[in-house]
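Shown below: run-v3.txt, with compact mmCIF, N, CA and C atoms.
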# COMPACT_ATOMS: atom_id res chain seq x y z
N MET A 274 82.27 104.48 61.56
CA MET A 274 83.07 105.43 62.30
C MET A 274 84.50 105.38 61.80
N GLU A 275 85.08 106.54 61.57
CA GLU A 275 86.48 106.64 61.17
C GLU A 275 87.34 106.18 62.33
N GLN A 276 88.40 105.43 62.02
CA GLN A 276 89.26 104.88 63.06
C GLN A 276 90.09 105.97 63.72
N LEU A 277 90.24 105.86 65.03
CA LEU A 277 91.15 106.72 65.77
C LEU A 277 92.56 106.18 65.60
N GLU A 278 93.56 107.07 65.60
CA GLU A 278 94.94 106.62 65.51
C GLU A 278 95.30 105.76 66.72
N THR A 279 94.90 106.22 67.90
CA THR A 279 95.14 105.51 69.16
C THR A 279 93.90 105.64 70.02
N PHE A 280 93.47 104.54 70.61
CA PHE A 280 92.33 104.56 71.52
C PHE A 280 92.62 103.56 72.64
N ILE A 281 92.97 104.08 73.81
CA ILE A 281 93.36 103.24 74.94
C ILE A 281 92.41 103.51 76.10
N VAL A 282 91.93 102.43 76.71
CA VAL A 282 91.13 102.53 77.93
C VAL A 282 91.84 101.70 78.98
N GLU A 283 92.34 102.36 80.02
CA GLU A 283 93.03 101.67 81.11
C GLU A 283 92.10 101.59 82.31
N CYS A 284 91.94 100.36 82.80
CA CYS A 284 91.08 100.13 83.97
C CYS A 284 91.40 98.77 84.55
N SER A 285 91.37 98.66 85.87
CA SER A 285 91.63 97.37 86.51
C SER A 285 90.49 96.38 86.27
N ASP A 286 89.32 96.88 85.97
CA ASP A 286 88.15 96.05 85.68
C ASP A 286 88.02 95.89 84.16
N ALA A 287 88.34 94.72 83.64
CA ALA A 287 88.34 94.48 82.18
C ALA A 287 86.95 94.67 81.58
N THR A 288 85.91 94.22 82.28
CA THR A 288 84.54 94.37 81.78
C THR A 288 84.16 95.85 81.71
N GLY A 289 84.49 96.59 82.76
CA GLY A 289 84.21 98.03 82.77
C GLY A 289 84.93 98.76 81.66
N ALA A 290 86.18 98.36 81.40
CA ALA A 290 86.96 98.99 80.32
C ALA A 290 86.31 98.71 78.97
N LYS A 291 85.86 97.48 78.77
CA LYS A 291 85.24 97.10 77.49
C LYS A 291 83.93 97.88 77.27
N ILE A 292 83.11 97.99 78.31
CA ILE A 292 81.84 98.70 78.20
C ILE A 292 82.08 100.20 77.98
N THR A 293 83.05 100.75 78.70
CA THR A 293 83.37 102.18 78.55
C THR A 293 83.86 102.46 77.14
N ARG A 294 84.71 101.60 76.61
CA ARG A 294 85.22 101.77 75.24
C ARG A 294 84.07 101.77 74.24
N SER A 295 83.14 100.83 74.40
CA SER A 295 81.99 100.74 73.51
C SER A 295 81.11 101.99 73.61
N LEU A 296 80.87 102.46 74.82
CA LEU A 296 80.07 103.68 75.03
C LEU A 296 80.72 104.89 74.37
N ILE A 297 82.03 105.03 74.54
CA ILE A 297 82.74 106.17 73.95
C ILE A 297 82.69 106.09 72.43
N GLN A 298 82.91 104.90 71.87
CA GLN A 298 82.85 104.73 70.41
C GLN A 298 81.48 105.12 69.87
N ASP A 299 80.43 104.65 70.52
CA ASP A 299 79.06 104.99 70.08
C ASP A 299 78.80 106.49 70.17
N THR A 300 79.24 107.10 71.25
CA THR A 300 79.03 108.54 71.45
C THR A 300 79.79 109.35 70.40
N LEU A 301 81.04 108.98 70.14
CA LEU A 301 81.83 109.68 69.12
C LEU A 301 81.18 109.55 67.74
N ALA A 302 80.68 108.36 67.44
CA ALA A 302 80.02 108.14 66.15
C ALA A 302 78.73 108.96 66.05
N ASP A 303 77.92 108.96 67.10
CA ASP A 303 76.66 109.71 67.10
C ASP A 303 76.89 111.21 66.92
N LEU A 304 77.97 111.72 67.51
CA LEU A 304 78.26 113.15 67.44
C LEU A 304 79.19 113.51 66.28
N SER A 305 79.54 112.52 65.46
CA SER A 305 80.46 112.71 64.33
C SER A 305 81.79 113.33 64.76
N LEU A 306 82.28 112.93 65.92
CA LEU A 306 83.53 113.46 66.44
C LEU A 306 84.74 112.61 66.08
N SER A 307 84.52 111.42 65.55
CA SER A 307 85.64 110.55 65.22
C SER A 307 86.51 111.14 64.12
N ARG A 308 85.96 112.03 63.31
CA ARG A 308 86.75 112.69 62.26
C ARG A 308 87.63 113.79 62.85
N VAL A 309 87.29 114.30 64.02
CA VAL A 309 88.01 115.41 64.63
C VAL A 309 89.06 114.93 65.63
N ILE A 310 88.78 113.82 66.31
CA ILE A 310 89.69 113.32 67.35
C ILE A 310 90.64 112.30 66.73
N GLY A 311 91.93 112.50 66.96
CA GLY A 311 92.94 111.60 66.43
C GLY A 311 93.33 110.51 67.43
N ARG A 312 93.61 110.93 68.65
CA ARG A 312 94.05 109.98 69.68
C ARG A 312 93.21 110.19 70.93
N LEU A 313 92.98 109.09 71.62
CA LEU A 313 92.13 109.14 72.81
C LEU A 313 92.67 108.18 73.86
N LYS A 314 92.79 108.67 75.09
CA LYS A 314 93.22 107.81 76.19
C LYS A 314 92.31 108.07 77.38
N VAL A 315 91.82 106.98 77.97
CA VAL A 315 90.93 107.05 79.12
C VAL A 315 91.53 106.22 80.23
N TYR A 316 91.56 106.80 81.43
CA TYR A 316 92.02 106.07 82.61
C TYR A 316 90.89 106.08 83.63
N MET A 317 90.57 104.89 84.13
CA MET A 317 89.50 104.76 85.12
C MET A 317 89.98 103.92 86.29
N ASP A 318 89.55 104.30 87.48
CA ASP A 318 89.83 103.50 88.67
C ASP A 318 88.55 103.50 89.51
N PRO A 319 87.82 102.38 89.50
CA PRO A 319 86.55 102.35 90.24
C PRO A 319 86.73 102.38 91.76
N VAL A 320 87.91 101.97 92.26
CA VAL A 320 88.16 101.98 93.70
C VAL A 320 88.34 103.41 94.20
N GLU A 321 89.24 104.15 93.57
CA GLU A 321 89.42 105.59 93.83
C GLU A 321 88.59 106.26 92.75
N PRO A 322 87.48 106.83 93.02
CA PRO A 322 86.63 107.30 91.93
C PRO A 322 87.36 108.31 91.02
N VAL A 323 88.05 107.73 90.02
CA VAL A 323 88.83 108.55 89.09
C VAL A 323 88.43 108.20 87.66
N PHE A 324 88.22 109.25 86.87
CA PHE A 324 87.95 109.07 85.43
C PHE A 324 88.67 110.20 84.71
N ILE A 325 89.66 109.85 83.90
CA ILE A 325 90.43 110.84 83.15
C ILE A 325 90.26 110.53 81.67
N PHE A 326 89.87 111.53 80.92
CA PHE A 326 89.61 111.41 79.49
C PHE A 326 90.47 112.44 78.79
N ALA A 327 91.42 111.99 77.98
CA ALA A 327 92.31 112.91 77.26
C ALA A 327 92.21 112.63 75.77
N ALA A 328 92.05 113.69 74.99
CA ALA A 328 91.91 113.55 73.54
C ALA A 328 92.86 114.50 72.83
N LEU A 329 93.41 114.03 71.73
CA LEU A 329 94.24 114.86 70.88
C LEU A 329 93.50 115.06 69.56
N LEU A 330 93.27 116.32 69.21
CA LEU A 330 92.52 116.63 68.00
C LEU A 330 93.40 116.45 66.77
N ARG A 331 92.77 116.09 65.66
CA ARG A 331 93.48 115.97 64.39
C ARG A 331 93.81 117.37 63.88
N LEU A 332 94.94 117.48 63.21
CA LEU A 332 95.33 118.76 62.62
C LEU A 332 94.54 119.00 61.34
N GLY A 333 94.21 120.26 61.09
CA GLY A 333 93.50 120.60 59.86
C GLY A 333 92.02 120.29 59.96
N THR A 334 91.32 120.76 58.99
CA THR A 334 89.88 120.54 58.90
C THR A 334 89.63 119.17 58.29
N PRO A 335 88.77 118.37 58.91
CA PRO A 335 88.50 117.06 58.32
C PRO A 335 87.76 117.21 56.99
N SER A 336 88.06 116.32 56.08
CA SER A 336 87.40 116.39 54.78
C SER A 336 85.92 116.03 54.92
N ILE A 337 85.13 116.60 54.05
CA ILE A 337 83.68 116.35 54.05
C ILE A 337 83.39 115.41 52.90
N LYS A 338 82.67 114.36 53.20
CA LYS A 338 82.31 113.37 52.18
C LYS A 338 80.84 113.51 51.84
N ILE A 339 80.49 113.16 50.62
CA ILE A 339 79.10 113.27 50.18
C ILE A 339 78.18 112.48 51.11
N LYS A 340 78.62 111.32 51.58
CA LYS A 340 77.77 110.50 52.45
C LYS A 340 77.43 111.20 53.77
N ASP A 341 78.18 112.27 54.12
CA ASP A 341 77.90 113.03 55.34
C ASP A 341 76.65 113.90 55.21
N PHE A 342 76.24 114.23 53.98
CA PHE A 342 75.11 115.14 53.82
C PHE A 342 74.15 114.77 52.69
N ALA A 343 74.35 113.60 52.05
CA ALA A 343 73.47 113.24 50.94
C ALA A 343 73.39 111.73 50.77
N LYS A 344 72.36 111.29 50.07
CA LYS A 344 72.22 109.88 49.67
C LYS A 344 72.64 109.77 48.22
N VAL A 345 73.43 108.76 47.91
CA VAL A 345 73.90 108.57 46.55
C VAL A 345 73.37 107.25 46.02
N ASP A 346 72.70 107.29 44.87
CA ASP A 346 72.14 106.09 44.25
C ASP A 346 72.46 106.10 42.76
N MET A 347 72.40 104.92 42.18
CA MET A 347 72.54 104.83 40.72
C MET A 347 71.27 105.39 40.10
N GLY A 348 71.40 105.95 38.92
CA GLY A 348 70.25 106.53 38.22
C GLY A 348 69.38 105.44 37.62
N ALA A 349 68.59 105.83 36.64
CA ALA A 349 67.68 104.90 35.98
C ALA A 349 68.46 103.78 35.29
N LEU A 350 67.85 102.62 35.22
CA LEU A 350 68.47 101.45 34.60
C LEU A 350 68.80 101.74 33.13
N GLY A 351 70.03 101.44 32.75
CA GLY A 351 70.45 101.66 31.37
C GLY A 351 71.02 103.04 31.11
N LYS A 352 70.96 103.93 32.09
CA LYS A 352 71.50 105.27 31.94
C LYS A 352 72.81 105.37 32.71
N ASP A 353 73.73 106.12 32.17
CA ASP A 353 75.02 106.33 32.81
C ASP A 353 74.91 107.58 33.68
N GLU A 354 74.33 107.40 34.89
CA GLU A 354 74.11 108.54 35.77
C GLU A 354 74.15 108.13 37.23
N VAL A 355 74.33 109.12 38.08
CA VAL A 355 74.31 108.93 39.53
C VAL A 355 73.34 109.95 40.09
N LYS A 356 72.49 109.52 41.01
CA LYS A 356 71.51 110.42 41.63
C LYS A 356 71.99 110.77 43.04
N ILE A 357 72.12 112.06 43.32
CA ILE A 357 72.54 112.54 44.64
C ILE A 357 71.37 113.29 45.24
N GLU A 358 70.86 112.79 46.36
CA GLU A 358 69.73 113.43 47.03
C GLU A 358 70.25 114.07 48.32
N LEU A 359 70.20 115.41 48.36
CA LEU A 359 70.74 116.15 49.50
C LEU A 359 69.85 116.01 50.72
N GLU A 360 70.47 115.74 51.86
CA GLU A 360 69.75 115.71 53.14
C GLU A 360 70.02 116.99 53.93
N LYS A 361 71.20 117.58 53.71
CA LYS A 361 71.56 118.87 54.30
C LYS A 361 72.04 119.74 53.14
N GLU A 362 71.49 120.93 53.04
CA GLU A 362 71.79 121.78 51.89
C GLU A 362 72.97 122.72 52.09
N MET A 363 73.63 122.65 53.24
CA MET A 363 74.69 123.62 53.50
C MET A 363 75.91 123.47 52.60
N PHE A 364 76.11 122.31 51.96
CA PHE A 364 77.26 122.11 51.10
C PHE A 364 76.89 122.10 49.61
N THR A 365 75.69 122.51 49.27
CA THR A 365 75.19 122.43 47.90
C THR A 365 76.08 123.18 46.92
N ILE A 366 76.43 124.41 47.23
CA ILE A 366 77.22 125.23 46.31
C ILE A 366 78.60 124.61 46.08
N LYS A 367 79.25 124.17 47.15
CA LYS A 367 80.57 123.56 47.01
C LYS A 367 80.49 122.28 46.17
N LEU A 368 79.46 121.49 46.41
CA LEU A 368 79.30 120.25 45.66
C LEU A 368 79.04 120.55 44.17
N LEU A 369 78.15 121.49 43.91
CA LEU A 369 77.86 121.85 42.51
C LEU A 369 79.12 122.36 41.80
N ASN A 370 79.90 123.19 42.46
CA ASN A 370 81.12 123.71 41.85
C ASN A 370 82.09 122.57 41.51
N LYS A 371 82.21 121.60 42.41
CA LYS A 371 83.09 120.45 42.16
C LYS A 371 82.58 119.63 40.98
N LEU A 372 81.26 119.35 40.98
CA LEU A 372 80.68 118.55 39.90
C LEU A 372 80.78 119.28 38.56
N TRP A 373 80.50 120.60 38.55
CA TRP A 373 80.60 121.37 37.32
C TRP A 373 82.03 121.38 36.81
N GLY A 374 82.99 121.52 37.72
CA GLY A 374 84.39 121.55 37.33
C GLY A 374 84.86 120.23 36.72
N LYS A 375 84.35 119.13 37.27
CA LYS A 375 84.78 117.80 36.79
C LYS A 375 84.00 117.33 35.57
N TYR A 376 82.68 117.54 35.57
CA TYR A 376 81.82 116.98 34.51
C TYR A 376 81.21 118.02 33.57
N GLY A 377 81.32 119.30 33.90
CA GLY A 377 80.73 120.35 33.08
C GLY A 377 79.29 120.61 33.47
N LYS A 378 78.85 121.87 33.36
CA LYS A 378 77.49 122.25 33.75
C LYS A 378 76.42 121.54 32.91
N ASP A 379 76.73 121.26 31.66
CA ASP A 379 75.76 120.60 30.78
C ASP A 379 75.45 119.18 31.21
N ASN A 380 76.34 118.56 31.96
CA ASN A 380 76.16 117.17 32.37
C ASN A 380 75.57 117.01 33.76
N ILE A 381 75.26 118.12 34.41
CA ILE A 381 74.68 118.09 35.76
C ILE A 381 73.25 118.58 35.68
N GLU A 382 72.30 117.71 36.05
CA GLU A 382 70.89 118.07 36.03
C GLU A 382 70.47 118.39 37.47
N GLN A 383 69.75 119.47 37.63
CA GLN A 383 69.36 119.92 38.96
C GLN A 383 67.84 120.14 38.99
N PRO A 384 67.07 119.08 39.25
CA PRO A 384 65.61 119.24 39.29
C PRO A 384 65.19 120.14 40.46
N THR A 385 64.13 120.90 40.26
CA THR A 385 63.69 121.84 41.28
C THR A 385 62.80 121.20 42.34
N GLY A 386 62.07 120.16 42.01
CA GLY A 386 61.18 119.51 42.97
C GLY A 386 61.56 118.05 43.12
N LYS A 387 60.85 117.39 44.04
CA LYS A 387 61.09 115.95 44.23
C LYS A 387 60.48 115.17 43.08
N SER A 388 61.23 114.15 42.64
CA SER A 388 60.70 113.33 41.54
C SER A 388 60.27 111.98 42.02

Let me see the structure of the file written as structure tokens.
Amino acid sequence: MEQLETFIVECSDATGAKITRSLIQDTLADLSLSRVIGRLKVYMDPVEPVFIFAALLRLGTPSIKIKDFAKVDMGALGKDEVKIELEKEMFTIKLLNKLWGKYGKDNIEQPTGKS
């Protein structure tokens, strides 16, 4: 999970604060929201049933990393290559354009079926 700039959980019950923090971290990671949220503050009071959750979004669009939509492995032993196996195809064109721009179309192999 990408680190938040600020993440504060205020609660008179230290155990409750720790568990709530862990739950929020897991939820943000599962929903891939840690890239979008910059700062987060939570206030809880179990005596007066109060729960306040405030988040500040990061400015700009978060960058997309290959690990977000593909598996990356080294190629065959002795070959100078990297194998990228797409899990989500929505970024295929952007990725291909970047790879072609950096390495040239002749150096990018695109098999049609699974090998």

- Task: Give the answer as one residue: which of A:Met317, A:Leu329, A:Met347, A:Val323 has the shortest atom-to-atom distance to Ile292 (chain A), using only C-alpha atoms?
- Result: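 With only C-alpha atoms as the atom set, the closest residue is A:Met317.
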
- Item | d(CA of Ser295 (chain A), atom N of Lys361 (chain A)) in Å | 28.1 Å

- So how far away is CA of Gln276 (chain A) from CA of Leu332 (chain A), in Å?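 CA of Leu332 (chain A) sits 15.2 Å away from CA of Gln276 (chain A).
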
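Within region 297-329 of chain A, DSSP applied to the backbone places the following residues in alpha helix (DSSP H): Ile297, Gln298, Asp299, Thr300, Leu301, Ala302 and Asp303 of chain A.
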
- If you measure from atom N of Leu306 (chain A) to atom N of Leu277 (chain A), what distance in Å do you get, rounded to one decimal?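 Spanning atom N of Leu306 (chain A) to atom N of Leu277 (chain A) is a straight-line distance of 10.7 Å.
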
- Residue contacts of Arg312 (chain A) (7 Å, only N, CA and C atoms) excluding same-chain residues fewer than 5 positions away, as a list in words: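 My reading of the contact set: Leu277, Glu278, Thr279, Phe280, Ile281, Ala327, Ala328, Leu329, Leu330 and Arg331 of chain A.
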
List the spatial neighbours of region 349-358 of chain A as a tab-separated table (two decimals) with N, CA and C atoms, in the coordinates of the input - criterion: any atom at most 12 Å away, only C-alpha atoms, same-chain residues fewer than 4 positions off excluded.
chain	number	residue	atom	x	y	z
A	339	ILE	N	80.49	113.16	50.62
A	339	ILE	CA	79.10	113.27	50.18
A	339	ILE	C	78.18	112.48	51.11
A	340	LYS	N	78.62	111.32	51.58
A	340	LYS	CA	77.77	110.50	52.45
A	340	LYS	C	77.43	111.20	53.77
A	341	ASP	N	78.18	112.27	54.12
A	341	ASP	CA	77.90	113.03	55.34
A	341	ASP	C	76.65	113.90	55.21
A	342	PHE	N	76.24	114.23	53.98
A	342	PHE	CA	75.11	115.14	53.82
A	342	PHE	C	74.15	114.77	52.69
A	343	ALA	N	74.35	113.60	52.05
A	343	ALA	CA	73.47	113.24	50.94
A	343	ALA	C	73.39	111.73	50.77
A	344	LYS	N	72.36	111.29	50.07
A	344	LYS	CA	72.22	109.88	49.67
A	344	LYS	C	72.64	109.77	48.22
A	345	VAL	N	73.43	108.76	47.91
A	345	VAL	CA	73.90	108.57	46.55
A	345	VAL	C	73.37	107.25	46.02
A	362	GLU	N	71.49	120.93	53.04
A	362	GLU	CA	71.79	121.78	51.89
A	362	GLU	C	72.97	122.72	52.09
A	365	THR	N	75.69	122.51	49.27
A	365	THR	CA	75.19	122.43	47.90
A	365	THR	C	76.08	123.18	46.92
A	368	LEU	N	79.46	121.49	46.41
A	368	LEU	CA	79.30	120.25	45.66
A	368	LEU	C	79.04	120.55	44.17
A	369	LEU	N	78.15	121.49	43.91
A	369	LEU	CA	77.86	121.85	42.51
A	369	LEU	C	79.12	122.36	41.80
A	372	LEU	N	81.26	119.35	40.98
A	372	LEU	CA	80.68	118.55	39.90
A	372	LEU	C	80.78	119.28	38.56
A	376	TYR	N	82.68	117.54	35.57
A	376	TYR	CA	81.82	116.98	34.51
A	376	TYR	C	81.21	118.02	33.57
A	380	ASN	N	76.34	118.56	31.96
A	380	ASN	CA	76.16	117.17	32.37
A	380	ASN	C	75.57	117.01	33.76
A	381	ILE	N	75.26	118.12	34.41
A	381	ILE	CA	74.68	118.09	35.76
A	381	ILE	C	73.25	118.58	35.68
A	382	GLU	N	72.30	117.71	36.05
A	382	GLU	CA	70.89	118.07	36.03
A	382	GLU	C	70.47	118.39	37.47
A	383	GLN	N	69.75	119.47	37.63
A	383	GLN	CA	69.36	119.92	38.96
A	383	GLN	C	67.84	120.14	38.99
A	384	PRO	N	67.07	119.08	39.25
A	384	PRO	CA	65.61	119.24	39.29
A	384	PRO	C	65.19	120.14	40.46
A	385	THR	N	64.13	120.90	40.26
A	385	THR	CA	63.69	121.84	41.28
A	385	THR	C	62.80	121.20	42.34
A	386	GLY	N	62.07	120.16	42.01
A	386	GLY	CA	61.18	119.51	42.97
A	386	GLY	C	61.56	118.05	43.12
A	387	LYS	N	60.85	117.39	44.04
A	387	LYS	CA	61.09	115.95	44.23
A	387	LYS	C	60.48	115.17	43.08
A	388	SER	N	61.23	114.15	42.64
A	388	SER	CA	60.70	113.33	41.54
A	388	SER	C	60.27	111.98	42.02

- Query: Which of chain A counts as strand (DSSP E or B) under DSSP, as a PyMOL selection string please?
  - Reply: chain A and resi 279-283+310-318+323-330+343-347+355-359
